[in-house]
Amino acid sequence: MAINSFNPRISVWEGKLIDQWEPSQWKQWKAKQTDEQAKLEREYLRIKHALQQANAALSLDRIKIKLKLTSPKTIGLQGTFPCRPGDVGKQGSPNKQYTISCGFTANDAGLKMAVLKARELDLLLITKQFQWTPELLGKQAQKIELPQAKYSGKLIGELIQEYEREFWKTHEQNRRGIRTWETHYLRHLKKLPPDLPISAQALEIALEKTKPNTSARFFMVWQLKKFCEFCGIDDFKTIYAYATPKPHPTIRKIPVDEEIIQGFEKIGVPLSVYTSKENLTQPEQWQWAYGMLATYGLRPHELFAVDVEAFIDPKNTFHLVTLNPSLTEGTKTGERSCGIPPLHPHWVDLFNLKKIRLPYNEGKLSNKTAKLYIKFKNADIGFRPYDLRHAYAIRGHRLRVPIKTMADYMGHSVQEHTKTYQRWMNEDTNLEIYREVVIHRNGTTKEAMRERIQELEAENRALKAENSTIKGLLIQHQLGELLS
C-alpha cells in the first residue's frame, strides 16, 4: 500500500482497532516496529492525544468550539453556529451544529492554528459578530448566495434605505423611535457618500470627517461596523484602523441659582443682531419657557407636554406641574408617578409662571426643542437648556430631598438618578452641599461657632460661681443647725 494513500484508521494491533486505543499511550502502539506505516499510526495517535489536550484547555477557558480530526490528515472545528444561509435548525432553531473544515493540517503547526481559530470564532459568537464567509463555507460558498452578493450592486444610499426598513422591524415609529434612528443611526450614516458602492474608500471618507479620541469618532466606528455587518461585509480592517476608546464625559459647569436668575433676564432681551420677527415679539414667551425649565427641571421637550389647565387651577396650591405625554407622543422614560414640585416655590412668582406664555412654534417636536437650544446660544446664556435640569437635581440634594423622591420628580429610576446626575456634582458643588447641610445646621460659620463657644464658656463660668455660692450657703446652714 502506498504511503500517501495509507489510512491509519483501519489499522489493527493485538486485536484492537487503532481508534479504540488510548491516545495517551501512543508510544506503546507497535513500539518495537520501525516500518513507515507503524510510524504513521503512532503519529496519528499522538496528534489525537494532543487534540484531546487542546480541547481540555479550551473547555477550561469555556470555549464552546472544539477541535475534531475530520480525517487522518486534517483538523476541523465543531460547534453550534447560526444556521448557514438557506439552512434551518431542528424545530426551526436559528442555530445548528456544524463541523467546519478550515484546511488545518493534522500536525503541531496545524493544531496551533486550529486552536487560535476556535478562540476567534468563539469570541465572534459571544459578541454576536459571527458571519458565514467563503472561508468558513468552503465548497458550499459556491452554492449559497452570500450577503455580499446580495448587496454588491447597490449604492450606499440604497443600502441605508434597506437598513432603515430593517430598523423599523424592531422599533416603534413614534417620537422616540424616530429620534433614535435620526440621532444614533442616520446622523453617522449621512457622512457616507450616498452615490458610491460600499467600499473601504467610502468608509474612510466618513471616518475622516471625525476627529480621533472623540465621542463622534467612537460612535461613528460603532455604527459603521453595524452597517457593514448588515451589508454582509466581515472585513473590518479599515474601520478598526480608526477605532478610538470611548471618551469620558466632560464635567459640565452647572449654573447656580444666581446665574439662573441672570439668565432669565438675558433671554428676555431682544438681540439687535438677531432681529427675526420671532425674536422681537416673543421675549416674554422665551422667559416663561426658561422659567419652567429652571423651576421644574423638565426635559426641554416636556415643556410642550405641561398640563396648563391643571397648572393654573386655583386648587393647585403647591404649584405642581403634571405632564400629558399624549401631547408629545410619550415622554422619554414614561409618565411621572407624581406631580413635579418647584424646589424654590418663590420662583413661580419671580418668573410669573402662572401667566402662561408658551412660545409659538410650528413643526415637529424636535424642531420646537431645537429652537430652545438656538435661543439659549444666541442669547449667550452661558449654558444649555438641559443644564437647568441638572441644576434642579443638585438643588434637590442641597435641600436634602430623598434620592427616591427626587428620582420620582425627575421621571426616572434611582439608579439613573445616581448614575447620571451625581457625576455633575463637582468638588465645589459637593463642598457647598456640605456647608449647607452640615455646617449651617450646626452654626453656619466659624465665627458663629466661635461666638457660641465663648457664650458656653461664659455660661460655664457663671454656673461654677453659682455652684460655689450655693455650697457656701449650704455650709452656713449646716453650721447653724449644729450650733442650735
# chains A, B, ... in the order shown; residues from 1 in each chain; ligands from 1
>>> residues_around(residues="range 42-44 of chain A", least_positions_apart="5", cutoff="8 Å", atoms="only C-alpha atoms", output="list of chain:residue names")
A:Pro8, A:Trp26, A:Lys27, A:Trp29, A:Lys30, A:Pro72
>>> atom_distance(atom1="CA of Leu111 in chain A", atom2="CA of Asn55 in chain A")
10.7 Å
>>> closest_residue(among="A:Gly472, A:Pro23, A:Pro94, A:Pro197", to="Glu41 in chain A", atoms="only C-alpha atoms")
A:Pro23
>>> closest_residue(among="A:Gly110, A:Gly232, A:Pro341, A:Gly396", to="Leu159 in chain A", atoms="only C-alpha atoms")
A:Gly232
>>> select_by_dssp(residues="range 160-324 of chain A", states="alpha helix (DSSP H)", output="PDB file with N, CA and C atoms, in the first residue's frame")
ATOM      1  N   ILE A 160     -28.681  52.266   2.800  1.00  0.00           N
ATOM      2  CA  ILE A 160     -29.176  52.941   4.004  1.00  0.00           C
ATOM      3  C   ILE A 160     -30.696  52.821   4.073  1.00  0.00           C
ATOM      4  N   GLN A 161     -31.365  52.925   2.922  1.00  0.00           N
ATOM      5  CA  GLN A 161     -32.822  52.749   2.903  1.00  0.00           C
ATOM      6  C   GLN A 161     -33.215  51.337   3.314  1.00  0.00           C
ATOM      7  N   GLU A 162     -32.450  50.332   2.843  1.00  0.00           N
ATOM      8  CA  GLU A 162     -32.682  48.938   3.259  1.00  0.00           C
ATOM      9  C   GLU A 162     -32.462  48.799   4.766  1.00  0.00           C
ATOM     10  N   TYR A 163     -31.413  49.440   5.252  1.00  0.00           N
ATOM     11  CA  TYR A 163     -31.061  49.385   6.681  1.00  0.00           C
ATOM     12  C   TYR A 163     -32.165  50.006   7.533  1.00  0.00           C
ATOM     13  N   GLU A 164     -32.735  51.113   7.053  1.00  0.00           N
ATOM     14  CA  GLU A 164     -33.814  51.759   7.797  1.00  0.00           C
ATOM     15  C   GLU A 164     -35.046  50.867   7.851  1.00  0.00           C
ATOM     16  N   ARG A 165     -35.373  50.203   6.747  1.00  0.00           N
ATOM     17  CA  ARG A 165     -36.520  49.289   6.764  1.00  0.00           C
ATOM     18  C   ARG A 165     -36.306  48.165   7.778  1.00  0.00           C
ATOM     19  N   GLU A 166     -35.061  47.689   7.868  1.00  0.00           N
ATOM     20  CA  GLU A 166     -34.744  46.651   8.853  1.00  0.00           C
ATOM     21  C   GLU A 166     -34.873  47.197  10.269  1.00  0.00           C
ATOM     22  N   PHE A 167     -34.477  48.459  10.465  1.00  0.00           N
ATOM     23  CA  PHE A 167     -34.561  49.110  11.778  1.00  0.00           C
ATOM     24  C   PHE A 167     -36.000  49.150  12.281  1.00  0.00           C
ATOM     25  N   ARG A 175     -42.264  59.122  18.356  1.00  0.00           N
ATOM     26  CA  ARG A 175     -41.267  60.181  18.512  1.00  0.00           C
ATOM     27  C   ARG A 175     -39.931  59.628  18.990  1.00  0.00           C
ATOM     28  N   ARG A 176     -39.992  58.708  19.945  1.00  0.00           N
ATOM     29  CA  ARG A 176     -38.750  58.169  20.490  1.00  0.00           C
ATOM     30  C   ARG A 176     -37.999  57.340  19.443  1.00  0.00           C
ATOM     31  N   GLY A 177     -38.747  56.517  18.673  1.00  0.00           N
ATOM     32  CA  GLY A 177     -38.105  55.707  17.656  1.00  0.00           C
ATOM     33  C   GLY A 177     -37.484  56.554  16.558  1.00  0.00           C
ATOM     34  N   ILE A 178     -38.213  57.601  16.145  1.00  0.00           N
ATOM     35  CA  ILE A 178     -37.689  58.489  15.103  1.00  0.00           C
ATOM     36  C   ILE A 178     -36.430  59.185  15.582  1.00  0.00           C
ATOM     37  N   ARG A 179     -36.440  59.626  16.830  1.00  0.00           N
ATOM     38  CA  ARG A 179     -35.253  60.297  17.376  1.00  0.00           C
ATOM     39  C   ARG A 179     -34.063  59.333  17.439  1.00  0.00           C
ATOM     40  N   THR A 180     -34.325  58.075  17.817  1.00  0.00           N
ATOM     41  CA  THR A 180     -33.245  57.088  17.875  1.00  0.00           C
ATOM     42  C   THR A 180     -32.633  56.871  16.504  1.00  0.00           C
ATOM     43  N   ARG A 187     -27.534  59.956  11.641  1.00  0.00           N
ATOM     44  CA  ARG A 187     -26.566  61.023  11.890  1.00  0.00           C
ATOM     45  C   ARG A 187     -25.153  60.635  11.438  1.00  0.00           C
ATOM     46  N   HIS A 188     -24.793  59.367  11.640  1.00  0.00           N
ATOM     47  CA  HIS A 188     -23.464  58.891  11.252  1.00  0.00           C
ATOM     48  C   HIS A 188     -23.448  58.401   9.802  1.00  0.00           C
ATOM     49  N   LEU A 189     -24.509  57.722   9.391  1.00  0.00           N
ATOM     50  CA  LEU A 189     -24.542  57.156   8.045  1.00  0.00           C
ATOM     51  C   LEU A 189     -24.583  58.231   6.970  1.00  0.00           C
ATOM     52  N   ALA A 200     -13.944  50.232   1.121  1.00  0.00           N
ATOM     53  CA  ALA A 200     -13.021  50.756   2.130  1.00  0.00           C
ATOM     54  C   ALA A 200     -12.829  52.255   1.949  1.00  0.00           C
ATOM     55  N   GLN A 201     -12.779  52.700   0.698  1.00  0.00           N
ATOM     56  CA  GLN A 201     -12.605  54.120   0.419  1.00  0.00           C
ATOM     57  C   GLN A 201     -13.803  54.928   0.932  1.00  0.00           C
ATOM     58  N   ALA A 202     -15.015  54.394   0.716  1.00  0.00           N
ATOM     59  CA  ALA A 202     -16.221  55.083   1.185  1.00  0.00           C
ATOM     60  C   ALA A 202     -16.246  55.176   2.700  1.00  0.00           C
ATOM     61  N   LEU A 203     -15.814  54.114   3.370  1.00  0.00           N
ATOM     62  CA  LEU A 203     -15.760  54.126   4.837  1.00  0.00           C
ATOM     63  C   LEU A 203     -14.758  55.164   5.327  1.00  0.00           C
ATOM     64  N   GLU A 204     -13.628  55.249   4.661  1.00  0.00           N
ATOM     65  CA  GLU A 204     -12.607  56.227   5.055  1.00  0.00           C
ATOM     66  C   GLU A 204     -13.112  57.661   4.895  1.00  0.00           C
ATOM     67  N   ILE A 205     -13.900  57.914   3.858  1.00  0.00           N
ATOM     68  CA  ILE A 205     -14.453  59.260   3.649  1.00  0.00           C
ATOM     69  C   ILE A 205     -15.275  59.688   4.862  1.00  0.00           C
ATOM     70  N   ALA A 206     -16.104  58.759   5.370  1.00  0.00           N
ATOM     71  CA  ALA A 206     -16.935  59.066   6.536  1.00  0.00           C
ATOM     72  C   ALA A 206     -16.091  59.197   7.802  1.00  0.00           C
ATOM     73  N   LEU A 207     -15.159  58.278   7.999  1.00  0.00           N
ATOM     74  CA  LEU A 207     -14.347  58.273   9.218  1.00  0.00           C
ATOM     75  C   LEU A 207     -13.453  59.498   9.312  1.00  0.00           C
ATOM     76  N   SER A 215     -15.905  61.397  21.038  1.00  0.00           N
ATOM     77  CA  SER A 215     -17.102  60.553  21.078  1.00  0.00           C
ATOM     78  C   SER A 215     -17.689  60.398  19.671  1.00  0.00           C
ATOM     79  N   ALA A 216     -17.528  61.426  18.834  1.00  0.00           N
ATOM     80  CA  ALA A 216     -18.035  61.342  17.455  1.00  0.00           C
ATOM     81  C   ALA A 216     -17.336  60.212  16.700  1.00  0.00           C
ATOM     82  N   ARG A 217     -16.007  60.087  16.855  1.00  0.00           N
ATOM     83  CA  ARG A 217     -15.274  59.017  16.190  1.00  0.00           C
ATOM     84  C   ARG A 217     -15.673  57.656  16.764  1.00  0.00           C
ATOM     85  N   PHE A 218     -15.828  57.585  18.098  1.00  0.00           N
ATOM     86  CA  PHE A 218     -16.184  56.314  18.741  1.00  0.00           C
ATOM     87  C   PHE A 218     -17.513  55.793  18.201  1.00  0.00           C
ATOM     88  N   PHE A 219     -18.541  56.647  18.169  1.00  0.00           N
ATOM     89  CA  PHE A 219     -19.859  56.193  17.739  1.00  0.00           C
ATOM     90  C   PHE A 219     -19.919  56.009  16.222  1.00  0.00           C
ATOM     91  N   MET A 220     -19.094  56.730  15.471  1.00  0.00           N
ATOM     92  CA  MET A 220     -19.027  56.511  14.035  1.00  0.00           C
ATOM     93  C   MET A 220     -18.493  55.113  13.740  1.00  0.00           C
ATOM     94  N   VAL A 221     -17.412  54.721  14.410  1.00  0.00           N
ATOM     95  CA  VAL A 221     -16.842  53.376  14.226  1.00  0.00           C
ATOM     96  C   VAL A 221     -17.871  52.317  14.586  1.00  0.00           C
ATOM     97  N   TRP A 222     -18.543  52.529  15.708  1.00  0.00           N
ATOM     98  CA  TRP A 222     -19.542  51.550  16.189  1.00  0.00           C
ATOM     99  C   TRP A 222     -20.679  51.398  15.178  1.00  0.00           C
ATOM    100  N   GLN A 223     -21.180  52.512  14.630  1.00  0.00           N
ATOM    101  CA  GLN A 223     -22.318  52.451  13.727  1.00  0.00           C
ATOM    102  C   GLN A 223     -21.915  51.905  12.358  1.00  0.00           C
ATOM    103  N   LEU A 224     -20.749  52.280  11.849  1.00  0.00           N
ATOM    104  CA  LEU A 224     -20.316  51.769  10.555  1.00  0.00           C
ATOM    105  C   LEU A 224     -20.093  50.265  10.611  1.00  0.00           C
ATOM    106  N   LYS A 225     -19.617  49.774  11.743  1.00  0.00           N
ATOM    107  CA  LYS A 225     -19.418  48.328  11.884  1.00  0.00           C
ATOM    108  C   LYS A 225     -20.765  47.601  11.810  1.00  0.00           C
ATOM    109  N   LYS A 226     -21.782  48.138  12.486  1.00  0.00           N
ATOM    110  CA  LYS A 226     -23.111  47.534  12.427  1.00  0.00           C
ATOM    111  C   LYS A 226     -23.672  47.590  11.007  1.00  0.00           C
ATOM    112  N   PHE A 227     -23.443  48.702  10.327  1.00  0.00           N
ATOM    113  CA  PHE A 227     -23.948  48.859   8.966  1.00  0.00           C
ATOM    114  C   PHE A 227     -23.272  47.867   8.025  1.00  0.00           C
ATOM    115  N   CYS A 228     -21.964  47.695   8.182  1.00  0.00           N
ATOM    116  CA  CYS A 228     -21.230  46.748   7.329  1.00  0.00           C
ATOM    117  C   CYS A 228     -21.682  45.312   7.591  1.00  0.00           C
ATOM    118  N   GLU A 229     -21.965  44.988   8.856  1.00  0.00           N
ATOM    119  CA  GLU A 229     -22.471  43.651   9.168  1.00  0.00           C
ATOM    120  C   GLU A 229     -23.800  43.417   8.460  1.00  0.00           C
ATOM    121  N   PHE A 230     -24.655  44.444   8.441  1.00  0.00           N
ATOM    122  CA  PHE A 230     -25.931  44.330   7.740  1.00  0.00           C
ATOM    123  C   PHE A 230     -25.706  44.094   6.248  1.00  0.00           C
ATOM    124  N   LYS A 237     -11.033  45.777   8.779  1.00  0.00           N
ATOM    125  CA  LYS A 237      -9.699  46.335   8.970  1.00  0.00           C
ATOM    126  C   LYS A 237      -9.707  47.855   8.843  1.00  0.00           C
ATOM    127  N   THR A 238     -10.410  48.378   7.858  1.00  0.00           N
ATOM    128  CA  THR A 238     -10.464  49.823   7.657  1.00  0.00           C
ATOM    129  C   THR A 238     -11.095  50.512   8.860  1.00  0.00           C
ATOM    130  N   ILE A 239     -12.195  49.946   9.357  1.00  0.00           N
ATOM    131  CA  ILE A 239     -12.892  50.552  10.496  1.00  0.00           C
ATOM    132  C   ILE A 239     -12.027  50.471  11.748  1.00  0.00           C
ATOM    133  N   TYR A 240     -11.440  49.307  12.008  1.00  0.00           N
ATOM    134  CA  TYR A 240     -10.624  49.141  13.210  1.00  0.00           C
ATOM    135  C   TYR A 240      -9.409  50.064  13.196  1.00  0.00           C
ATOM    136  N   ALA A 241      -8.930  50.428  12.009  1.00  0.00           N
ATOM    137  CA  ALA A 241      -7.773  51.332  11.931  1.00  0.00           C
ATOM    138  C   ALA A 241      -8.103  52.708  12.503  1.00  0.00           C
ATOM    139  N   ASP A 257     -27.967  79.197  41.377  1.00  0.00           N
ATOM    140  CA  ASP A 257     -29.240  79.917  41.345  1.00  0.00           C
ATOM    141  C   ASP A 257     -29.088  81.349  40.857  1.00  0.00           C
ATOM    142  N   GLU A 258     -28.009  82.039  41.284  1.00  0.00           N
ATOM    143  CA  GLU A 258     -27.815  83.426  40.859  1.00  0.00           C
ATOM    144  C   GLU A 258     -27.635  83.517  39.347  1.00  0.00           C
ATOM    145  N   GLU A 259     -26.882  82.565  38.770  1.00  0.00           N
ATOM    146  CA  GLU A 259     -26.670  82.561  37.324  1.00  0.00           C
ATOM    147  C   GLU A 259     -27.962  82.254  36.573  1.00  0.00           C
ATOM    148  N   ILE A 260     -28.795  81.407  37.171  1.00  0.00           N
ATOM    149  CA  ILE A 260     -30.075  81.062  36.535  1.00  0.00           C
ATOM    150  C   ILE A 260     -30.985  82.293  36.479  1.00  0.00           C
ATOM    151  N   ILE A 261     -31.013  83.059  37.555  1.00  0.00           N
ATOM    152  CA  ILE A 261     -31.842  84.276  37.578  1.00  0.00           C
ATOM    153  C   ILE A 261     -31.320  85.290  36.567  1.00  0.00           C
ATOM    154  N   GLN A 262     -29.992  85.403  36.445  1.00  0.00           N
ATOM    155  CA  GLN A 262     -29.410  86.300  35.447  1.00  0.00           C
ATOM    156  C   GLN A 262     -29.771  85.847  34.037  1.00  0.00           C
ATOM    157  N   GLY A 263     -29.774  84.537  33.813  1.00  0.00           N
ATOM    158  CA  GLY A 263     -30.134  84.003  32.503  1.00  0.00           C
ATOM    159  C   GLY A 263     -31.572  84.321  32.137  1.00  0.00           C
ATOM    160  N   PHE A 264     -32.454  84.365  33.141  1.00  0.00           N
ATOM    161  CA  PHE A 264     -33.855  84.710  32.901  1.00  0.00           C
ATOM    162  C   PHE A 264     -33.963  86.117  32.326  1.00  0.00           C
ATOM    163  N   GLU A 265     -33.152  87.037  32.841  1.00  0.00           N
ATOM    164  CA  GLU A 265     -33.172  88.404  32.324  1.00  0.00           C
ATOM    165  C   GLU A 265     -32.584  88.453  30.910  1.00  0.00           C
ATOM    166  N   LYS A 266     -31.509  87.700  30.679  1.00  0.00           N
ATOM    167  CA  LYS A 266     -30.846  87.708  29.369  1.00  0.00           C
ATOM    168  C   LYS A 266     -31.756  87.224  28.256  1.00  0.00           C
ATOM    169  N   ILE A 267     -32.481  86.135  28.522  1.00  0.00           N
ATOM    170  CA  ILE A 267     -33.258  85.511  27.451  1.00  0.00           C
ATOM    171  C   ILE A 267     -34.454  86.361  27.059  1.00  0.00           C
ATOM    172  N   LYS A 277     -38.523  88.195  13.364  1.00  0.00           N
ATOM    173  CA  LYS A 277     -39.825  88.541  13.935  1.00  0.00           C
ATOM    174  C   LYS A 277     -40.068  87.758  15.216  1.00  0.00           C
ATOM    175  N   GLU A 278     -39.647  86.491  15.199  1.00  0.00           N
ATOM    176  CA  GLU A 278     -39.859  85.623  16.357  1.00  0.00           C
ATOM    177  C   GLU A 278     -39.111  86.145  17.578  1.00  0.00           C
ATOM    178  N   ASN A 279     -37.876  86.653  17.372  1.00  0.00           N
ATOM    179  CA  ASN A 279     -37.057  87.127  18.481  1.00  0.00           C
ATOM    180  C   ASN A 279     -37.609  88.420  19.068  1.00  0.00           C
ATOM    181  N   LEU A 280     -38.151  89.294  18.210  1.00  0.00           N
ATOM    182  CA  LEU A 280     -38.618  90.589  18.675  1.00  0.00           C
ATOM    183  C   LEU A 280     -39.968  90.513  19.365  1.00  0.00           C
ATOM    184  N   THR A 281     -40.788  89.546  19.015  1.00  0.00           N
ATOM    185  CA  THR A 281     -42.158  89.503  19.515  1.00  0.00           C
ATOM    186  C   THR A 281     -42.378  88.489  20.621  1.00  0.00           C
ATOM    187  N   PRO A 283     -40.212  87.841  23.617  1.00  0.00           N
ATOM    188  CA  PRO A 283     -39.310  87.824  24.777  1.00  0.00           C
ATOM    189  C   PRO A 283     -39.959  87.212  26.012  1.00  0.00           C
ATOM    190  N   GLU A 284     -41.232  87.552  26.260  1.00  0.00           N
ATOM    191  CA  GLU A 284     -41.916  87.015  27.433  1.00  0.00           C
ATOM    192  C   GLU A 284     -42.162  85.524  27.298  1.00  0.00           C
ATOM    193  N   GLN A 285     -42.441  85.078  26.063  1.00  0.00           N
ATOM    194  CA  GLN A 285     -42.657  83.649  25.845  1.00  0.00           C
ATOM    195  C   GLN A 285     -41.384  82.849  26.149  1.00  0.00           C
ATOM    196  N   TRP A 286     -40.222  83.384  25.706  1.00  0.00           N
ATOM    197  CA  TRP A 286     -38.970  82.690  25.975  1.00  0.00           C
ATOM    198  C   TRP A 286     -38.666  82.682  27.470  1.00  0.00           C
ATOM    199  N   GLN A 287     -38.996  83.784  28.156  1.00  0.00           N
ATOM    200  CA  GLN A 287     -38.767  83.844  29.600  1.00  0.00           C
ATOM    201  C   GLN A 287     -39.634  82.825  30.340  1.00  0.00           C
ATOM    202  N   TRP A 288     -40.879  82.686  29.890  1.00  0.00           N
ATOM    203  CA  TRP A 288     -41.763  81.710  30.546  1.00  0.00           C
ATOM    204  C   TRP A 288     -41.219  80.286  30.351  1.00  0.00           C
ATOM    205  N   ALA A 289     -40.796  79.978  29.129  1.00  0.00           N
ATOM    206  CA  ALA A 289     -40.232  78.654  28.863  1.00  0.00           C
ATOM    207  C   ALA A 289     -38.987  78.420  29.715  1.00  0.00           C
ATOM    208  N   TYR A 290     -38.133  79.432  29.778  1.00  0.00           N
ATOM    209  CA  TYR A 290     -36.907  79.344  30.577  1.00  0.00           C
ATOM    210  C   TYR A 290     -37.255  79.110  32.045  1.00  0.00           C
ATOM    211  N   GLY A 291     -38.203  79.886  32.560  1.00  0.00           N
ATOM    212  CA  GLY A 291     -38.577  79.764  33.971  1.00  0.00           C
ATOM    213  C   GLY A 291     -39.139  78.400  34.314  1.00  0.00           C
ATOM    214  N   MET A 292     -39.928  77.812  33.415  1.00  0.00           N
ATOM    215  CA  MET A 292     -40.485  76.480  33.661  1.00  0.00           C
ATOM    216  C   MET A 292     -39.377  75.423  33.703  1.00  0.00           C
ATOM    217  N   LEU A 293     -38.427  75.518  32.763  1.00  0.00           N
ATOM    218  CA  LEU A 293     -37.321  74.557  32.757  1.00  0.00           C
ATOM    219  C   LEU A 293     -36.491  74.686  34.033  1.00  0.00           C
ATOM    220  N   ALA A 294     -36.255  75.915  34.455  1.00  0.00           N
ATOM    221  CA  ALA A 294     -35.415  76.145  35.633  1.00  0.00           C
ATOM    222  C   ALA A 294     -36.123  75.729  36.914  1.00  0.00           C
ATOM    223  N   THR A 295     -37.405  76.008  37.019  1.00  0.00           N
ATOM    224  CA  THR A 295     -38.133  75.779  38.275  1.00  0.00           C
ATOM    225  C   THR A 295     -38.520  74.327  38.473  1.00  0.00           C
ATOM    226  N   TYR A 296     -38.783  73.618  37.378  1.00  0.00           N
ATOM    227  CA  TYR A 296     -39.305  72.257  37.498  1.00  0.00           C
ATOM    228  C   TYR A 296     -38.367  71.186  36.944  1.00  0.00           C
ATOM    229  N   VAL A 308     -51.489  72.613  31.168  1.00  0.00           N
ATOM    230  CA  VAL A 308     -51.605  74.022  31.542  1.00  0.00           C
ATOM    231  C   VAL A 308     -52.815  74.265  32.440  1.00  0.00           C
ATOM    232  N   GLU A 309     -53.959  73.663  32.099  1.00  0.00           N
ATOM    233  CA  GLU A 309     -55.178  73.894  32.890  1.00  0.00           C
ATOM    234  C   GLU A 309     -54.999  73.444  34.330  1.00  0.00           C
ATOM    235  N   ALA A 310     -54.381  72.279  34.514  1.00  0.00           N
ATOM    236  CA  ALA A 310     -54.145  71.791  35.872  1.00  0.00           C
ATOM    237  C   ALA A 310     -53.149  72.680  36.606  1.00  0.00           C
ATOM    238  N   PHE A 311     -52.203  73.235  35.873  1.00  0.00           N
ATOM    239  CA  PHE A 311     -51.168  74.058  36.495  1.00  0.00           C
ATOM    240  C   PHE A 311     -51.735  75.368  37.046  1.00  0.00           C
ATOM    241  N   ILE A 312     -52.638  76.014  36.296  1.00  0.00           N
ATOM    242  CA  ILE A 312     -53.171  77.310  36.722  1.00  0.00           C
ATOM    243  C   ILE A 312     -54.441  77.176  37.562  1.00  0.00           C
TER     244      ILE A 312
END
>>> residues_around(residues="Ile340 in chain A", least_positions_apart="6", cutoff="7 Å", atoms="only C-alpha atoms", output="CSV table (one decimal) with N, CA and C atoms, in the first residue's frame")
chain,number,residue,atom,x,y,z
A,296,TYR,N,-38.8,73.6,37.4
A,296,TYR,CA,-39.3,72.3,37.5
A,296,TYR,C,-38.4,71.2,36.9
A,320,LEU,N,-47.9,72.4,41.6
A,320,LEU,CA,-47.4,71.2,41.0
A,320,LEU,C,-47.6,71.3,39.5
A,321,VAL,N,-46.6,70.7,38.7
A,321,VAL,CA,-46.8,70.5,37.3
A,321,VAL,C,-47.0,69.1,37.0
A,322,THR,N,-48.0,68.8,36.1
A,322,THR,CA,-48.3,67.5,35.6
A,322,THR,C,-48.1,67.5,34.1
A,409,TYR,N,-39.6,62.8,41.0
A,409,TYR,CA,-39.9,64.1,40.5
A,409,TYR,C,-39.3,64.3,39.0
>>> select_by_dssp(residues="range 170-352 of chain A", states="strand (DSSP E or B)", output="MDAnalysis selection string")
chainID A and resid 197 306 321 323 340
>>> write_last_selection(atoms="N, CA and C atoms", output="PDB file, in the first residue's frame")
ATOM      1  N   PRO A 197     -20.776  52.779  -4.211  1.00  0.00           N
ATOM      2  CA  PRO A 197     -20.979  51.471  -3.572  1.00  0.00           C
ATOM      3  C   PRO A 197     -20.159  51.385  -2.290  1.00  0.00           C
ATOM      4  N   VAL A 306     -46.815  70.064  29.241  1.00  0.00           N
ATOM      5  CA  VAL A 306     -47.354  70.553  30.515  1.00  0.00           C
ATOM      6  C   VAL A 306     -48.873  70.666  30.423  1.00  0.00           C
ATOM      7  N   VAL A 321     -46.648  70.659  38.740  1.00  0.00           N
ATOM      8  CA  VAL A 321     -46.756  70.523  37.291  1.00  0.00           C
ATOM      9  C   VAL A 321     -47.012  69.066  36.955  1.00  0.00           C
ATOM     10  N   LEU A 323     -47.728  66.326  33.588  1.00  0.00           N
ATOM     11  CA  LEU A 323     -47.447  66.215  32.153  1.00  0.00           C
ATOM     12  C   LEU A 323     -48.495  65.351  31.476  1.00  0.00           C
ATOM     13  N   ILE A 340     -44.843  67.356  39.743  1.00  0.00           N
ATOM     14  CA  ILE A 340     -43.493  67.885  39.913  1.00  0.00           C
ATOM     15  C   ILE A 340     -43.578  69.183  40.704  1.00  0.00           C
TER      16      ILE A 340
END
>>> decode(residues="range 24-36 of chain A", atoms="N, CA and C atoms", output="PDB file, in the first residue's frame")
ATOM      1  N   SER A  24      -3.266   8.539  24.711  1.00  0.00           N
ATOM      2  CA  SER A  24      -2.126   8.907  25.562  1.00  0.00           C
ATOM      3  C   SER A  24      -1.055   7.819  25.597  1.00  0.00           C
ATOM      4  N   GLN A  25      -1.437   6.621  25.177  1.00  0.00           N
ATOM      5  CA  GLN A  25      -0.486   5.511  25.135  1.00  0.00           C
ATOM      6  C   GLN A  25       0.065   5.311  23.722  1.00  0.00           C
ATOM      7  N   TRP A  26       0.183   6.381  22.983  1.00  0.00           N
ATOM      8  CA  TRP A  26       0.591   6.273  21.584  1.00  0.00           C
ATOM      9  C   TRP A  26       1.992   5.682  21.414  1.00  0.00           C
ATOM     10  N   LYS A  27       2.868   5.858  22.397  1.00  0.00           N
ATOM     11  CA  LYS A  27       4.226   5.327  22.292  1.00  0.00           C
ATOM     12  C   LYS A  27       4.238   3.792  22.360  1.00  0.00           C
ATOM     13  N   GLN A  28       3.217   3.218  23.004  1.00  0.00           N
ATOM     14  CA  GLN A  28       3.170   1.771  23.151  1.00  0.00           C
ATOM     15  C   GLN A  28       2.616   1.067  21.902  1.00  0.00           C
ATOM     16  N   TRP A  29       1.974   1.821  21.027  1.00  0.00           N
ATOM     17  CA  TRP A  29       1.413   1.225  19.811  1.00  0.00           C
ATOM     18  C   TRP A  29       2.562   0.763  18.904  1.00  0.00           C
ATOM     19  N   LYS A  30       2.631  -0.550  18.705  1.00  0.00           N
ATOM     20  CA  LYS A  30       3.676  -1.142  17.855  1.00  0.00           C
ATOM     21  C   LYS A  30       5.058  -0.553  18.176  1.00  0.00           C
ATOM     22  N   ALA A  31       5.365  -0.530  19.462  1.00  0.00           N
ATOM     23  CA  ALA A  31       6.578   0.156  19.931  1.00  0.00           C
ATOM     24  C   ALA A  31       7.859  -0.371  19.286  1.00  0.00           C
ATOM     25  N   LYS A  32       7.899  -1.689  19.015  1.00  0.00           N
ATOM     26  CA  LYS A  32       9.133  -2.279  18.510  1.00  0.00           C
ATOM     27  C   LYS A  32       9.222  -2.292  16.990  1.00  0.00           C
ATOM     28  N   GLN A  33       8.147  -1.817  16.356  1.00  0.00           N
ATOM     29  CA  GLN A  33       8.160  -1.820  14.886  1.00  0.00           C
ATOM     30  C   GLN A  33       8.680  -0.473  14.371  1.00  0.00           C
ATOM     31  N   THR A  34       9.509  -0.521  13.365  1.00  0.00           N
ATOM     32  CA  THR A  34      10.138   0.693  12.825  1.00  0.00           C
ATOM     33  C   THR A  34       9.747   0.994  11.388  1.00  0.00           C
ATOM     34  N   ASP A  35       8.814   0.221  10.852  1.00  0.00           N
ATOM     35  CA  ASP A  35       8.435   0.466   9.457  1.00  0.00           C
ATOM     36  C   ASP A  35       7.642   1.782   9.359  1.00  0.00           C
ATOM     37  N   GLU A  36       7.505   2.273   8.149  1.00  0.00           N
ATOM     38  CA  GLU A  36       6.898   3.589   7.927  1.00  0.00           C
ATOM     39  C   GLU A  36       5.435   3.632   8.344  1.00  0.00           C
TER      40      GLU A  36
END
